[in-house]
Structures are given as C-alpha cells and as structure tokens.
Amino acid sequence: MLLFKVYFGGLFMWTDAQIKGKILHKLTRKGKFEHSHTALENLAKSFSPEMKGRAKEMSEDLIRESILHLKKTSYGKQVSINLDKKDKVMEYIDEFLKME
C-alpha cells in the first residue's frame, strides 16, 4: 500500500486507501448498508476515465477484505457495506477526506 503522494506529469496519483475511501464514502452517503445494496459497476462511476480501472480493482479488494458484502442476483452483482467492519470503513473514509 502506498503511503505517500505521487505526482506524475501534473496528475495526482491516488493511494489505494484513498480510492477505497472514496468508494466507501459514496456508499455511506447513499445509505448502502447491509440489505440496501447497489450494483458493483456503479462504484467506479464517480472516478475519471483513467481511474476507473483502479477503482474496479479496489472494489474487488474491498470484497476480498469482507468490507463489502457481495450479493449475486439475476440482474448482476450487488454490494453493500458490512457493518461488522465499521472501524476499517471509517479508517478508509478518513484517509479519503484528508486529501481535501
């Protein structure tokens, strides 16, 4: 995990924790906890085109870390925040909010 900020050609490179924080911040603002879920594809929509690939990777990491619940449905994969991991969720969100 990167713990420093990198500038590449004038473009700010986000750390993995900051990307995860933005994803979780978006889900918490929309109230996507436990039984309220959203499509996995929606998580990368708020990122710029060059960041969408990394955002999708970080979404998968959050599922592997059990921070996001994955629900497979007939209409696609759906995710929601696992409330048992609220300390880790807040840690990632704090990392994202420190950017501003």
# chains A, B, ... in the order shown; residues from 1 in each chain; ligands from 1
$ select_by_dssp --residues "chain A" --states "alpha helix (DSSP H)" --output "ChimeraX atom specification"
/A:16-29,52-64,86-97
$ residues_around --residues "A:Lys56" --least-positions-apart "6" --cutoff "9 Å" --atoms "only C-alpha atoms" --output "list of chain:residue names"
A:Leu40, A:Glu41, A:Leu43, A:Ala44
$ write_last_selection --atoms "C-alpha atoms" --output "PDB file, in the first residue's frame"
ATOM      1  CA  LEU A  40     -20.927  -3.247  -8.373  1.00  0.00           C
ATOM      2  CA  GLU A  41     -20.487  -1.344 -11.667  1.00  0.00           C
ATOM      3  CA  LEU A  43     -18.845   2.110  -7.674  1.00  0.00           C
ATOM      4  CA  ALA A  44     -16.442   3.309 -10.380  1.00  0.00           C
TER       5      ALA A  44
END
$ residues_around --residues "stretch 74-78 of chain A" --least-positions-apart "6" --cutoff "10 Å" --atoms "only C-alpha atoms" --output "CSV table (one decimal) with N, CA and C atoms, in the first residue's frame"
chain,number,residue,atom,x,y,z
A,36,SER,N,-29.5,-2.9,2.0
A,36,SER,CA,-29.7,-1.9,0.9
A,36,SER,C,-28.4,-2.0,0.1
A,37,HIS,N,-28.5,-2.3,-1.2
A,37,HIS,CA,-27.3,-2.6,-2.0
A,37,HIS,C,-27.4,-1.8,-3.3
A,38,THR,N,-26.3,-1.8,-4.0
A,38,THR,CA,-26.2,-1.1,-5.3
A,38,THR,C,-25.3,-2.0,-6.2
A,39,ALA,N,-25.4,-1.7,-7.5
A,39,ALA,CA,-24.7,-2.5,-8.5
A,39,ALA,C,-23.2,-2.3,-8.4
A,40,LEU,N,-22.4,-3.3,-8.5
A,40,LEU,CA,-20.9,-3.2,-8.4
A,40,LEU,C,-20.4,-2.3,-9.4
A,41,GLU,N,-21.0,-2.2,-10.6
A,41,GLU,CA,-20.5,-1.3,-11.7
A,41,GLU,C,-20.6,0.1,-11.3
A,42,ASN,N,-21.6,0.5,-10.4
A,42,ASN,CA,-21.8,1.8,-10.0
A,42,ASN,C,-20.7,2.4,-9.2
A,68,LEU,N,-17.1,-5.1,2.0
A,68,LEU,CA,-18.3,-5.1,1.2
A,68,LEU,C,-18.9,-6.5,1.1
$ residues_around --residues "A:Phe33" --least-positions-apart "5" --cutoff "7 Å" --atoms "only C-alpha atoms" --output "count of residues only"
4
$ closest_residue --among "A:Ile93, A:Ser48, A:Arg54, A:Val79" --to "A:Ser66" --atoms "only C-alpha atoms"
A:Val79
$ select_by_dssp --residues "chain A" --states "strand (DSSP E)" --output "PyMOL selection string"
chain A and resi 6-8+11-13+38-39+68-73+76-81
$ closest_residue --among "A:Met99, A:Thr73, A:Ile67, A:Met51" --to "A:Asp87" --atoms "only C-alpha atoms"
A:Ile67
